[in-house]
Amino acid sequence: MHFRIFEFWRLSAAMLVMVYHFLRFGPDDATQHHVSDMLYRLLPLMDMFFMISGFLILLRYGETLTSVRAYRSFLVRRLARFYPLYLVTFLFFVLVCMALHAGLVSSTQPGRYDPGFLWQNLALVQAWGTTDQLSFNYVAWSLSAEWFCYLLLPVFVLVIRHAGWKGLAALALAAIALLEAATEAGVIPFSSWLLADTFGAYRAFADFALGGLVMLLVRQSRWQLQSHLPAWSAFALTIAAMLFVWPAFLIVVLLAVSMFLAALAERNNPDGARHLRLLAPLGAVSFGIYLWHPVVETLVLAIGWKHGIAPLGLVNFYVFLLVPMAITVIVALASDRWFERPVSGWLNRRFGSRHASGPVAPEQAAA
């Protein structure tokens, strides 16, 4: 199945994260503070990324990952899908680091370019609690968290095979309880584990398990729900919960309920979401939008806007904001077509196993 509601929610979250980061270059006024604060409260939407990823990956591999060869092929396919683009954007910020230390440019956050963080970023372990701040392509912490879940995929598969949905529910609840306890004890140094990025791997693990649980419940459900309204209503309630800063466990439960209702409705009535097909080309590159936008932010806003356009006072920032947004989308579309897909295909042909399960479709690849 193609879950178009999931694709739309994921695209919307990627766009909101991009706008939140771009707003930092806006005027220091009440509007900027209000909108930024609102978007900051919506950052737990990142957990939806991980939950959707768990849903789709375990739907595809939960019962087909039966050997070491299949597991190796899975890892190759996932790396081929995301690492080339990640490496390109990472190397861009390595160049920024070199220019910064050579005195050619300046930064308001020089700690982000600490060479001591190079190996963690190359190895994709920067969200495993190995650093005390985000570095280089700072949004890639979520990719590090995804990679953590991919490496532990056999754990989820074994739980599903031996204990079914009840085992996955127990695993998710145990992970959430440990996250709550670690946050309360200060081991995870954030006010809520839903905001933990340098410790995002463990947050993602719980979300991944929840997504898999939702998948199993949908697959086993005999409820012939066809209306898509309950899913959108539950999602709206989830957004409200984020804005009013409800407890973390309630927010993830509401996200899970929203996903359950959406997947059930699309299973029973796939035509009910056909209007979202118009956004499918953008939904397929939500990962690219997410990973490219810090690069565009650096070039268009940190350099172009801040040092070139803003001092002239010719255009309002909120009007100009459309420019980096459009550039990011165009770059993501071009990157997907002329870089990511060709390179991914070559890597799979070169290192993949022809005996393994087929690849996850690009539109299903988690961000």
# chains A, B, ... in the order shown; residues from 1 in each chain; ligands from 1
call {"tool": "select_by_dssp", "arguments": {"residues": "segment 203-328 of chain A", "states": "helix (DSSP H, G or I)", "output": "ChimeraX atom specification"}}
result
/A:203-220,229-243,248-268,270-283,286-312,317-320,322-328
call {"tool": "residues_around", "arguments": {"residues": "Ala209 of chain A", "least_positions_apart": "3", "cutoff": "12 Å", "atoms": "only C-alpha atoms", "output": "MDAnalysis selection string"}}
result
chainID A and resid 47:48 50:59 62 149:150 152:153 155:157 159:160 164:176 202:206 212:216 252 256
call {"tool": "residues_around", "arguments": {"residues": "Gln32 of chain A", "least_positions_apart": "3", "cutoff": "12 Å", "atoms": "only C-alpha atoms", "output": "ChimeraX atom specification"}}
result
/A:19-29,35-40,317-318
call {"tool": "closest_atom_pairs", "arguments": {"of": "segment 192-235 of chain A", "to": "segment 119-140 of chain A", "cutoff": "6 Å", "atoms": "only C-alpha atoms", "output": "Markdown table"}}
result
| residue | atom | partner | partner_atom | distance |
| --- | --- | --- | --- | --- |
| A:Thr198 | CA | A:Ala127 | CA | 4.3 |
| A:Phe199 | CA | A:Gly129 | CA | 4.7 |
| A:Gly200 | CA | A:Ala127 | CA | 5.1 |
| A:Ala201 | CA | A:Trp128 | CA | 5.3 |
call {"tool": "write_last_selection", "arguments": {"atoms": "all heavy atoms", "output": "CSV table (one decimal), in the first residue's frame"}}
result
chain,number,residue,atom,x,y,z
A,198,THR,N,20.6,15.1,20.8
A,198,THR,CA,21.9,14.4,21.0
A,198,THR,C,21.7,13.0,21.6
A,198,THR,O,22.6,12.2,21.6
A,198,THR,CB,22.9,15.2,21.9
A,198,THR,OG1,22.2,15.6,23.1
A,198,THR,CG2,23.3,16.5,21.1
A,199,PHE,N,20.6,12.7,22.2
A,199,PHE,CA,20.2,11.4,22.7
A,199,PHE,C,19.0,10.9,21.9
A,199,PHE,O,18.2,10.0,22.4
A,199,PHE,CB,19.8,11.5,24.2
A,199,PHE,CG,21.0,11.6,25.1
A,199,PHE,CD1,21.6,12.8,25.4
A,199,PHE,CD2,21.4,10.5,25.8
A,199,PHE,CE1,22.7,12.9,26.2
A,199,PHE,CE2,22.5,10.6,26.7
A,199,PHE,CZ,23.2,11.8,26.9
A,200,GLY,N,18.9,11.3,20.7
A,200,GLY,CA,17.7,11.0,19.9
A,200,GLY,C,17.6,9.5,19.5
A,200,GLY,O,16.5,9.1,19.2
A,201,ALA,N,18.7,8.8,19.5
A,201,ALA,CA,18.6,7.4,19.2
A,201,ALA,C,17.7,6.6,20.0
A,201,ALA,O,16.9,5.7,19.6
A,201,ALA,CB,20.0,6.8,19.2
call {"tool": "atom_distance", "arguments": {"atom1": "atom CA of Ala234 of chain A", "atom2": "atom CA of Leu255 of chain A"}}
result
7.9 Å
call {"tool": "closest_residue", "arguments": {"among": "A:Ile309, A:Ala145, A:Leu314, A:Ala241", "to": "Ala196 of chain A", "atoms": "only C-alpha atoms"}}
result
A:Ala145
call {"tool": "residues_around", "arguments": {"residues": "segment 1-12 of chain A", "least_positions_apart": "4", "cutoff": "8 Å", "atoms": "only C-alpha atoms", "output": "ChimeraX atom specification"}}
result
/A:16,48-49,52,259,262-263,266-267,273-274,276-277,279-280,282-284,286,363-364
call {"tool": "residues_around", "arguments": {"residues": "Cys97 of chain A", "least_positions_apart": "6", "cutoff": "9 Å", "atoms": "only C-alpha atoms", "output": "list in words"}}
result
Pro110, Arg112, Tyr113, Asp114, Pro115 and Phe136 of chain A
